[in-house]
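Here is input-v1.csv, consisting of CSV, C-alpha atoms:
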```
chain,number,residue,atom,x,y,z
U,1177,ARG,CA,90.2,127.5,88.1
U,1178,SER,CA,91.2,127.8,84.4
U,1179,LEU,CA,94.6,126.2,83.5
U,1180,ALA,CA,96.4,129.2,82.2
U,1181,VAL,CA,99.9,128.9,80.7
U,1182,ALA,CA,102.7,130.2,82.9
U,1183,ALA,CA,104.3,133.5,82.2
U,1184,ALA,CA,106.6,133.4,79.2
U,1185,ALA,CA,109.6,134.6,81.2
U,1186,LEU,CA,111.6,131.6,82.3
U,1187,VAL,CA,115.3,131.6,83.4
U,1188,LEU,CA,116.7,128.4,81.9
U,1189,GLY,CA,120.3,129.0,83.0
U,1190,VAL,CA,123.1,127.1,81.3
U,1191,ALA,CA,120.7,124.4,80.0
U,1192,ALA,CA,119.2,127.0,77.7
U,1193,VAL,CA,121.8,126.4,75.2
U,1194,ALA,CA,121.6,122.6,75.3
U,1195,PRO,CA,120.8,121.2,71.9
U,1196,ALA,CA,117.4,119.6,71.4
U,1197,GLY,CA,116.4,118.6,67.9
U,1198,GLY,CA,118.4,121.5,66.4
U,1199,GLU,CA,116.8,124.1,68.6
U,1200,ASN,CA,117.9,125.3,72.1
U,1201,ALA,CA,115.8,124.7,75.1
U,1202,LYS,CA,114.7,128.3,75.5
U,1203,THR,CA,113.4,128.4,71.9
U,1204,LEU,CA,111.5,125.2,72.4
U,1205,PHE,CA,110.0,126.5,75.7
U,1206,PHE,CA,108.6,129.6,73.9
U,1207,ARG,CA,107.4,127.5,71.0
U,1208,GLY,CA,105.5,125.4,73.6
U,1209,ASN,CA,104.0,128.6,75.0
U,1210,ALA,CA,102.9,129.7,71.5
U,1211,LEU,CA,101.4,126.3,70.7
U,1212,TYR,CA,99.5,126.3,74.1
U,1213,GLY,CA,98.1,129.8,73.3
U,1214,GLU,CA,96.8,128.4,70.0
U,1215,GLU,CA,95.2,125.5,71.9
U,1216,ARG,CA,97.4,122.9,70.3
U,1217,PHE,CA,97.9,121.3,73.6
U,1218,ALA,CA,99.4,117.9,72.5
U,1219,GLU,CA,102.0,119.7,70.4
U,1220,ALA,CA,102.7,122.1,73.3
U,1221,ALA,CA,103.3,119.2,75.5
U,1222,ALA,CA,105.7,117.7,73.0
U,1223,ALA,CA,107.7,120.9,72.8
U,1224,TYR,CA,107.9,121.1,76.6
U,1225,GLU,CA,109.0,117.4,76.7
U,1226,ALA,CA,111.8,118.3,74.3
U,1227,VAL,CA,112.9,121.0,76.7
U,1228,ARG,CA,112.9,118.4,79.5
U,1229,ALA,CA,114.9,116.0,77.3
U,1230,ALA,CA,117.5,118.7,76.9
U,1231,GLY,CA,118.2,118.4,80.6
U,1232,VAL,CA,116.2,121.4,81.9
U,1233,GLU,CA,114.4,121.2,85.2
U,1234,SER,CA,112.3,124.1,86.5
U,1235,ALA,CA,109.0,124.6,88.2
U,1236,ALA,CA,107.8,126.8,85.4
U,1237,LEU,CA,108.6,124.1,82.8
U,1238,TYR,CA,106.8,121.4,84.8
U,1239,PHE,CA,103.8,123.7,85.5
U,1240,ASN,CA,103.4,124.4,81.8
U,1241,LEU,CA,103.8,120.8,80.9
U,1242,GLY,CA,101.2,119.8,83.5
U,1243,ASN,CA,98.8,122.4,82.0
U,1244,ALA,CA,99.4,121.1,78.4
U,1245,TYR,CA,98.7,117.5,79.5
U,1246,ALA,CA,95.7,118.5,81.5
U,1247,ARG,CA,94.1,120.3,78.5
U,1248,SER,CA,95.0,117.3,76.4
U,1249,GLY,CA,93.0,115.0,78.7
U,1250,GLU,CA,96.0,113.2,80.0
U,1251,ARG,CA,95.3,113.5,83.7
U,1252,GLY,CA,98.0,111.1,84.9
U,1253,ARG,CA,100.8,112.9,83.1
U,1254,ALA,CA,99.4,116.3,84.2
U,1255,LEU,CA,99.5,115.3,87.8
U,1256,VAL,CA,103.0,113.8,87.5
U,1257,ASN,CA,104.3,117.2,86.3
U,1258,TYR,CA,102.4,119.2,88.8
U,1259,GLU,CA,104.0,117.0,91.5
U,1260,ARG,CA,107.4,117.8,90.0
U,1261,ALA,CA,106.6,121.5,90.0
U,1262,ARG,CA,105.5,121.3,93.6
U,1263,ARG,CA,108.8,119.7,94.6
U,1264,LEU,CA,110.7,122.7,93.1
U,1265,ALA,CA,108.3,125.4,94.2
U,1266,PRO,CA,106.4,124.0,97.2
U,1267,ALA,CA,104.8,127.4,98.1
U,1268,ASP,CA,103.7,128.4,94.6
U,1269,PRO,CA,99.9,129.1,94.7
U,1270,ASP,CA,99.3,128.5,91.0
U,1271,VAL,CA,100.9,125.0,91.2
U,1272,ALA,CA,98.9,124.2,94.2
U,1273,ALA,CA,95.6,125.4,92.6
U,1274,ASN,CA,96.1,123.5,89.3
U,1275,LEU,CA,97.2,120.4,91.1
U,1276,SER,CA,94.1,120.5,93.3
U,1277,TYR,CA,91.8,121.2,90.3
U,1278,VAL,CA,93.1,118.3,88.2
U,1279,ARG,CA,93.4,115.9,91.2
U,1280,GLY,CA,89.7,116.4,92.0
U,1281,GLU,CA,88.6,113.9,94.6
U,1282,LEU,CA,92.0,112.1,94.6
U,1283,PRO,CA,93.4,112.8,98.2
U,1284,ASP,CA,96.5,114.9,98.5
U,1285,ASP,CA,98.7,112.5,100.4
U,1286,GLY,CA,101.7,114.7,99.4
U,1287,ALA,CA,100.7,117.6,101.7
U,1288,LEU,CA,103.1,118.1,104.6
U,1289,PRO,CA,101.8,116.8,107.9
U,1290,LEU,CA,100.7,119.3,110.5
U,1291,TRP,CA,103.6,118.5,112.8
U,1292,VAL,CA,106.1,119.3,110.0
U,1293,ARG,CA,104.3,122.6,109.2
U,1294,LEU,CA,104.5,123.6,112.9
U,1295,THR,CA,108.1,122.4,113.7
U,1296,LEU,CA,109.8,122.8,110.3
U,1297,PRO,CA,108.0,125.9,108.8
U,1298,LEU,CA,110.6,126.3,106.0
U,1299,ALA,CA,110.1,122.8,104.7
U,1300,GLY,CA,106.9,123.8,103.0
U,1301,ARG,CA,108.1,127.2,101.7
U,1302,PHE,CA,111.4,126.5,100.0
U,1303,ALA,CA,112.8,123.9,97.7
U,1304,THR,CA,115.6,121.6,99.1
U,1305,GLY,CA,118.3,123.3,97.1
U,1306,THR,CA,117.4,126.7,98.5
U,1307,LEU,CA,117.3,125.4,102.0
U,1308,LEU,CA,120.8,123.9,101.6
U,1309,LEU,CA,122.1,127.2,100.4
U,1310,LEU,CA,120.6,129.0,103.3
U,1311,ALA,CA,122.1,126.5,105.8
U,1312,SER,CA,125.5,126.7,104.1
U,1313,ALA,CA,125.4,130.6,104.2
U,1314,ALA,CA,124.4,130.5,107.9
U,1315,TRP,CA,127.3,128.1,108.7
U,1316,TRP,CA,129.8,130.4,107.2
U,1317,MET,CA,128.2,133.4,108.8
U,1318,LEU,CA,128.5,131.6,112.1
U,1319,PHE,CA,132.3,131.2,111.7
U,1320,ALA,CA,132.6,134.7,110.4
U,1321,ALA,CA,130.9,136.1,113.6
U,1322,LEU,CA,133.3,134.1,115.8
U,1323,VAL,CA,136.4,135.4,113.9
U,1324,VAL,CA,135.2,139.0,114.0
U,1325,ALA,CA,134.5,138.8,117.7
U,1326,ARG,CA,138.0,137.5,118.3
U,1327,LEU,CA,139.8,140.0,116.1
U,1328,LEU,CA,137.7,143.0,116.9
U,1329,PRO,CA,136.6,142.9,120.6
U,1330,ALA,CA,134.7,146.2,120.2
U,1331,THR,CA,132.3,144.4,117.9
U,1332,ALA,CA,131.8,141.5,120.2
U,1333,ARG,CA,128.2,142.4,121.1
U,1334,ALA,CA,127.1,142.7,117.5
U,1335,ALA,CA,129.0,139.5,116.6
U,1336,ARG,CA,127.1,137.6,119.3
U,1337,TRP,CA,123.8,138.7,117.8
U,1338,ALA,CA,125.0,137.7,114.3
U,1339,PHE,CA,126.2,134.4,115.7
U,1340,ALA,CA,122.8,133.8,117.3
U,1341,ALA,CA,121.0,134.7,114.1
U,1342,ALA,CA,123.2,132.4,112.1
U,1343,VAL,CA,122.6,129.5,114.5
U,1344,ALA,CA,118.8,130.0,114.2
U,1345,VAL,CA,118.9,130.1,110.4
U,1346,TYR,CA,121.2,127.1,110.3
U,1347,VAL,CA,118.9,125.0,112.5
U,1348,LEU,CA,115.7,126.0,110.8
U,1349,ALA,CA,117.0,125.6,107.2
U,1350,GLY,CA,119.2,122.6,107.9
U,1351,SER,CA,116.4,120.6,109.7
U,1352,ALA,CA,113.9,121.5,106.9
U,1353,ALA,CA,116.4,120.5,104.2
U,1354,ALA,CA,117.1,117.2,106.0
U,1355,TYR,CA,113.4,116.4,106.2
U,1356,ARG,CA,112.9,117.2,102.5
U,1357,LEU,CA,115.9,115.1,101.5
U,1358,VAL,CA,114.8,112.1,103.5
U,1359,ARG,CA,111.1,112.2,102.7
U,1360,ILE,CA,110.9,114.0,99.3
U,1361,GLU,CA,114.1,113.8,97.4
U,1362,TRP,CA,115.7,110.5,98.1
U,1363,PRO,CA,112.7,108.1,97.8
U,1364,ALA,CA,112.1,106.8,94.2
U,1365,TRP,CA,108.7,108.5,93.8
U,1366,ALA,CA,106.7,107.8,90.6
U,1367,GLY,CA,103.3,108.8,89.3
U,1368,VAL,CA,100.7,106.4,87.8
U,1369,LEU,CA,100.0,107.5,84.2
U,1370,ARG,CA,96.8,105.6,83.7
U,1371,GLU,CA,94.4,103.6,85.9
U,1372,ALA,CA,96.4,100.6,86.9
U,1373,ALA,CA,95.7,97.4,88.8
U,1374,VAL,CA,98.2,97.0,91.5
U,1375,ARG,CA,98.7,93.2,91.9
U,1376,PHE,CA,100.1,91.0,94.6
U,1377,GLU,CA,102.4,89.3,92.1
U,1378,PRO,CA,104.3,90.7,89.1
U,1379,SER,CA,102.0,89.0,86.6
U,1380,GLU,CA,98.9,89.9,84.6
U,1381,SER,CA,97.3,86.9,86.2
U,1382,GLY,CA,98.1,88.1,89.7
U,1383,THR,CA,95.3,89.0,92.1
U,1384,THR,CA,94.5,92.7,92.2
U,1385,HIS,CA,95.3,94.3,95.5
U,1386,TYR,CA,93.9,97.7,94.7
U,1387,THR,CA,93.3,100.0,91.7
U,1388,ALA,CA,95.5,103.1,91.4
U,1389,PRO,CA,93.8,106.0,89.5
U,1390,PRO,CA,95.9,108.3,87.3
U,1391,GLY,CA,98.1,110.6,89.3
U,1392,THR,CA,98.5,108.3,92.3
U,1393,VAL,CA,102.0,108.7,93.7
U,1394,VAL,CA,103.9,105.6,94.6
U,1395,GLU,CA,107.4,104.8,95.8
U,1396,VAL,CA,109.3,102.3,93.6
U,1397,LEU,CA,110.8,99.5,95.7
U,1398,ALA,CA,112.0,96.9,93.2
U,1399,GLU,CA,111.8,95.7,89.6
U,1400,ARG,CA,111.3,92.3,88.2
U,1401,ASN,CA,110.5,91.1,84.6
U,1402,GLY,CA,109.0,94.4,83.4
U,1403,TRP,CA,107.1,95.0,86.6
U,1404,LYS,CA,107.7,97.5,89.4
U,1405,GLN,CA,107.0,96.8,93.1
U,1406,VAL,CA,105.5,100.0,94.5
U,1407,ALA,CA,104.2,101.3,97.8
U,1408,ARG,CA,101.4,103.9,97.7
U,1409,ARG,CA,102.3,107.2,99.2
U,1410,GLY,CA,100.3,107.8,102.4
U,1411,ASP,CA,99.2,104.3,103.5
U,1412,ARG,CA,102.2,102.4,102.0
U,1413,LEU,CA,100.0,99.7,100.4
U,1414,ARG,CA,102.3,97.5,98.3
U,1415,GLY,CA,101.9,95.7,95.0
U,1416,TRP,CA,103.2,95.3,91.5
U,1417,VAL,CA,102.4,97.4,88.4
U,1418,PRO,CA,103.6,97.2,84.8
U,1419,LEU,CA,106.7,99.2,84.0
U,1420,ASP,CA,105.0,101.4,81.5
U,1421,ALA,CA,102.1,102.3,83.9
U,1422,ILE,CA,104.3,104.7,86.0
U,1423,GLU,CA,106.8,107.5,85.4
U,1424,ARG,CA,109.5,108.7,87.8
U,1425,LEU,CA,108.8,112.1,89.3
```
Starting from the file, lay out its structure as structure tokens.
Amino acid sequence: RSLAVAAAALVLGVAAVAPAGGENAKTLFFRGNALYGEERFAEAAAAYEAVRAAGVESAALYFNLGNAYARSGERGRALVNYERARRLAPADPDVAANLSYVRGELPDDGALPLWVRLTLPLAGRFATGTLLLLASAAWWMLFAALVVARLLPATARAARWAFAAAVAVYVLAGSAAAYRLVRIEWPAWAGVLREAAVRFEPSESGTTHYTAPPGTVVEVLAERNGWKQVARRGDRLRGWVPLDAIERL
């Protein structure tokens, strides 16, 4: 698949007016799109990074940033940003396609396990924030149904159906949100920017445990003297990498 720039329309919200080098984030985003269209990919990536530095976080921004880095030949940074985009838009087919294309033979250990897809179907379709909003809305709908049933006995039957629906949504959305919080949001995930030797000790002379290719996702466990102790996502193999070899997702 070709790595096409995302659609120009992007809702940046309040952060759109955040200052960034004398320009607001929305202007910088559209400048990045224009630079990408002119195949000035490194400059496009710099413009998108300025948007990110202004405090903006969106799936569209990370998707475009991943595209710009991919076309610049920076595979590690591209995969890091596609992973960020997937966190915010887990069901987006374009993010999934480009992530798979750039990842190549690198296994996708970030895919949800089968048991999660079967028992928590919303976990792979909605971002954590959306799920929390759904659960919150269902919670208030649940209490509203109870109040209506008590105050208006003639509507008791309809209120019971509304109550049952609210419980179902609350359970589905709440459990999916809890899973994403524990397994996706809270761990200190990071992406490997370049091929890095993961060592048994935090030292250049330490024995290499394994080699992490660009785009490998790891969980940061500790820091010592310019080194990070990490655990590889999937098999949890641990080791130490230089601080500048990884970037937080």
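Those residues that approach Val1394 of chain U to within 9 Å, counting only C-alpha atoms, are Ala1364, Trp1365, Ala1366, Gly1367, Val1368, Val1406, Ala1407, Arg1408, Arg1409, Gly1410, Arg1412 and Ile1422 of chain U; same-chain residues fewer than 5 positions away are not listed.
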Let me see the file: selected residues, C-alpha atoms, as a CSV table (one decimal), in the coordinates of the input.
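What ended up in out.csv:
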```
chain,number,residue,atom,x,y,z
U,1364,ALA,CA,112.1,106.8,94.2
U,1365,TRP,CA,108.7,108.5,93.8
U,1366,ALA,CA,106.7,107.8,90.6
U,1367,GLY,CA,103.3,108.8,89.3
U,1368,VAL,CA,100.7,106.4,87.8
U,1406,VAL,CA,105.5,100.0,94.5
U,1407,ALA,CA,104.2,101.3,97.8
U,1408,ARG,CA,101.4,103.9,97.7
U,1409,ARG,CA,102.3,107.2,99.2
U,1410,GLY,CA,100.3,107.8,102.4
U,1412,ARG,CA,102.2,102.4,102.0
U,1422,ILE,CA,104.3,104.7,86.0
```
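Residues surrounding Thr1304 of chain U within 10 Å are Arg1263, Leu1264, Ala1265, Pro1266, Leu1298, Ala1299, Gly1300, Arg1301, Leu1307, Leu1308, Leu1309, Leu1310, Ala1349, Gly1350, Ala1352, Ala1353, Ala1354, Tyr1355, Arg1356, Leu1357, Ile1360 and Glu1361 of chain U [all atoms listed in the file; sequence separation below 3 positions excluded].
Here atom CA of Trp1315 of chain U and atom CA of Val1347 of chain U stand 9.7 Å from one another.
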(Q) Just want the 8 Å neighbourhood of segment 1219-1227 of chain U, counted on all atoms listed in the file, with same-chain residues fewer than 3 positions away dropped. Output as JSON, numbers by chain. (A) {"U": [1196, 1197, 1201, 1202, 1204, 1205, 1207, 1208, 1209, 1210, 1211, 1212, 1216, 1230, 1231, 1232, 1237, 1240, 1241, 1244, 1245]}
Only C-alpha atoms, please: the residues just picked out, written as a PDB file, keeping the file's coordinate frame.
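Okay, out19.pdb is ready:
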```pdb
ATOM      1  CA  ALA U1196     117.400 119.600  71.400  1.00  0.00           C
ATOM      2  CA  GLY U1197     116.400 118.600  67.900  1.00  0.00           C
ATOM      3  CA  ALA U1201     115.800 124.700  75.100  1.00  0.00           C
ATOM      4  CA  LYS U1202     114.700 128.300  75.500  1.00  0.00           C
ATOM      5  CA  LEU U1204     111.500 125.200  72.400  1.00  0.00           C
ATOM      6  CA  PHE U1205     110.000 126.500  75.700  1.00  0.00           C
ATOM      7  CA  ARG U1207     107.400 127.500  71.000  1.00  0.00           C
ATOM      8  CA  GLY U1208     105.500 125.400  73.600  1.00  0.00           C
ATOM      9  CA  ASN U1209     104.000 128.600  75.000  1.00  0.00           C
ATOM     10  CA  ALA U1210     102.900 129.700  71.500  1.00  0.00           C
ATOM     11  CA  LEU U1211     101.400 126.300  70.700  1.00  0.00           C
ATOM     12  CA  TYR U1212      99.500 126.300  74.100  1.00  0.00           C
ATOM     13  CA  ARG U1216      97.400 122.900  70.300  1.00  0.00           C
ATOM     14  CA  ALA U1230     117.500 118.700  76.900  1.00  0.00           C
ATOM     15  CA  GLY U1231     118.200 118.400  80.600  1.00  0.00           C
ATOM     16  CA  VAL U1232     116.200 121.400  81.900  1.00  0.00           C
ATOM     17  CA  LEU U1237     108.600 124.100  82.800  1.00  0.00           C
ATOM     18  CA  ASN U1240     103.400 124.400  81.800  1.00  0.00           C
ATOM     19  CA  LEU U1241     103.800 120.800  80.900  1.00  0.00           C
ATOM     20  CA  ALA U1244      99.400 121.100  78.400  1.00  0.00           C
ATOM     21  CA  TYR U1245      98.700 117.500  79.500  1.00  0.00           C
TER      22      TYR U1245
END
```
Residues within 12 Å of (124.1, 138.6, 115.6), file coords, all atoms listed in the file, listed as an mmCIF file with C-alpha atoms, in the frame of the given file:
```cif
data_model
loop_
_atom_site.group_PDB
_atom_site.id
_atom_site.type_symbol
_atom_site.label_atom_id
_atom_site.label_comp_id
_atom_site.auth_asym_id
_atom_site.auth_seq_id
_atom_site.Cartn_x
_atom_site.Cartn_y
_atom_site.Cartn_z
ATOM 1 C CA ALA U 1314 124.400 130.500 107.900
ATOM 2 C CA MET U 1317 128.200 133.400 108.800
ATOM 3 C CA LEU U 1318 128.500 131.600 112.100
ATOM 4 C CA PHE U 1319 132.300 131.200 111.700
ATOM 5 C CA ALA U 1320 132.600 134.700 110.400
ATOM 6 C CA ALA U 1321 130.900 136.100 113.600
ATOM 7 C CA LEU U 1322 133.300 134.100 115.800
ATOM 8 C CA VAL U 1324 135.200 139.000 114.000
ATOM 9 C CA ALA U 1325 134.500 138.800 117.700
ATOM 10 C CA THR U 1331 132.300 144.400 117.900
ATOM 11 C CA ALA U 1332 131.800 141.500 120.200
ATOM 12 C CA ARG U 1333 128.200 142.400 121.100
ATOM 13 C CA ALA U 1334 127.100 142.700 117.500
ATOM 14 C CA ALA U 1335 129.000 139.500 116.600
ATOM 15 C CA ARG U 1336 127.100 137.600 119.300
ATOM 16 C CA TRP U 1337 123.800 138.700 117.800
ATOM 17 C CA ALA U 1338 125.000 137.700 114.300
ATOM 18 C CA PHE U 1339 126.200 134.400 115.700
ATOM 19 C CA ALA U 1340 122.800 133.800 117.300
ATOM 20 C CA ALA U 1341 121.000 134.700 114.100
ATOM 21 C CA ALA U 1342 123.200 132.400 112.100
ATOM 22 C CA VAL U 1343 122.600 129.500 114.500
ATOM 23 C CA ALA U 1344 118.800 130.000 114.200
ATOM 24 C CA VAL U 1345 118.900 130.100 110.400
#
```
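For the pair atom CA of Phe1206 of chain U and atom CA of Ala1303 of chain U, the interatomic distance is 24.8 Å.
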Just so I have it separately, write segment 1296-1330 of chain U from the block I sent, keeping C-alpha atoms, as a PDB file, in the first residue's frame.
```pdb
ATOM      1  CA  LEU U1296     -14.198  -7.577  25.273  1.00  0.00           C
ATOM      2  CA  PRO U1297     -15.275  -6.708  21.728  1.00  0.00           C
ATOM      3  CA  LEU U1298     -15.238  -2.952  22.340  1.00  0.00           C
ATOM      4  CA  ALA U1299     -11.577  -2.942  23.435  1.00  0.00           C
ATOM      5  CA  GLY U1300     -10.385  -3.199  19.850  1.00  0.00           C
ATOM      6  CA  ARG U1301     -12.894  -0.774  18.376  1.00  0.00           C
ATOM      7  CA  PHE U1302     -12.772   2.314  20.578  1.00  0.00           C
ATOM      8  CA  ALA U1303     -10.094   4.372  22.289  1.00  0.00           C
ATOM      9  CA  THR U1304      -9.926   4.345  26.077  1.00  0.00           C
ATOM     10  CA  GLY U1305     -11.377   7.846  26.439  1.00  0.00           C
ATOM     11  CA  THR U1306     -14.385   6.968  24.308  1.00  0.00           C
ATOM     12  CA  LEU U1307     -15.014   3.819  26.329  1.00  0.00           C
ATOM     13  CA  LEU U1308     -14.863   5.762  29.590  1.00  0.00           C
ATOM     14  CA  LEU U1309     -17.381   8.269  28.242  1.00  0.00           C
ATOM     15  CA  LEU U1310     -19.687   5.430  27.186  1.00  0.00           C
ATOM     16  CA  ALA U1311     -19.411   3.804  30.603  1.00  0.00           C
ATOM     17  CA  SER U1312     -20.083   7.124  32.336  1.00  0.00           C
ATOM     18  CA  ALA U1313     -23.131   7.844  30.165  1.00  0.00           C
ATOM     19  CA  ALA U1314     -24.475   4.336  30.820  1.00  0.00           C
ATOM     20  CA  TRP U1315     -23.997   4.809  34.576  1.00  0.00           C
ATOM     21  CA  TRP U1316     -26.106   7.969  34.583  1.00  0.00           C
ATOM     22  CA  MET U1317     -28.687   6.377  32.288  1.00  0.00           C
ATOM     23  CA  LEU U1318     -28.956   3.524  34.777  1.00  0.00           C
ATOM     24  CA  PHE U1319     -29.824   5.881  37.628  1.00  0.00           C
ATOM     25  CA  ALA U1320     -32.136   7.924  35.423  1.00  0.00           C
ATOM     26  CA  ALA U1321     -34.092   4.764  34.568  1.00  0.00           C
ATOM     27  CA  LEU U1322     -34.461   3.959  38.281  1.00  0.00           C
ATOM     28  CA  VAL U1323     -35.692   7.480  39.060  1.00  0.00           C
ATOM     29  CA  VAL U1324     -38.174   7.488  36.168  1.00  0.00           C
ATOM     30  CA  ALA U1325     -39.535   4.082  37.169  1.00  0.00           C
ATOM     31  CA  ARG U1326     -40.092   5.315  40.740  1.00  0.00           C
ATOM     32  CA  LEU U1327     -41.659   8.666  39.827  1.00  0.00           C
ATOM     33  CA  LEU U1328     -43.678   7.485  36.809  1.00  0.00           C
ATOM     34  CA  PRO U1329     -44.978   3.960  37.489  1.00  0.00           C
ATOM     35  CA  ALA U1330     -46.726   3.885  34.106  1.00  0.00           C
TER      36      ALA U1330
END
```
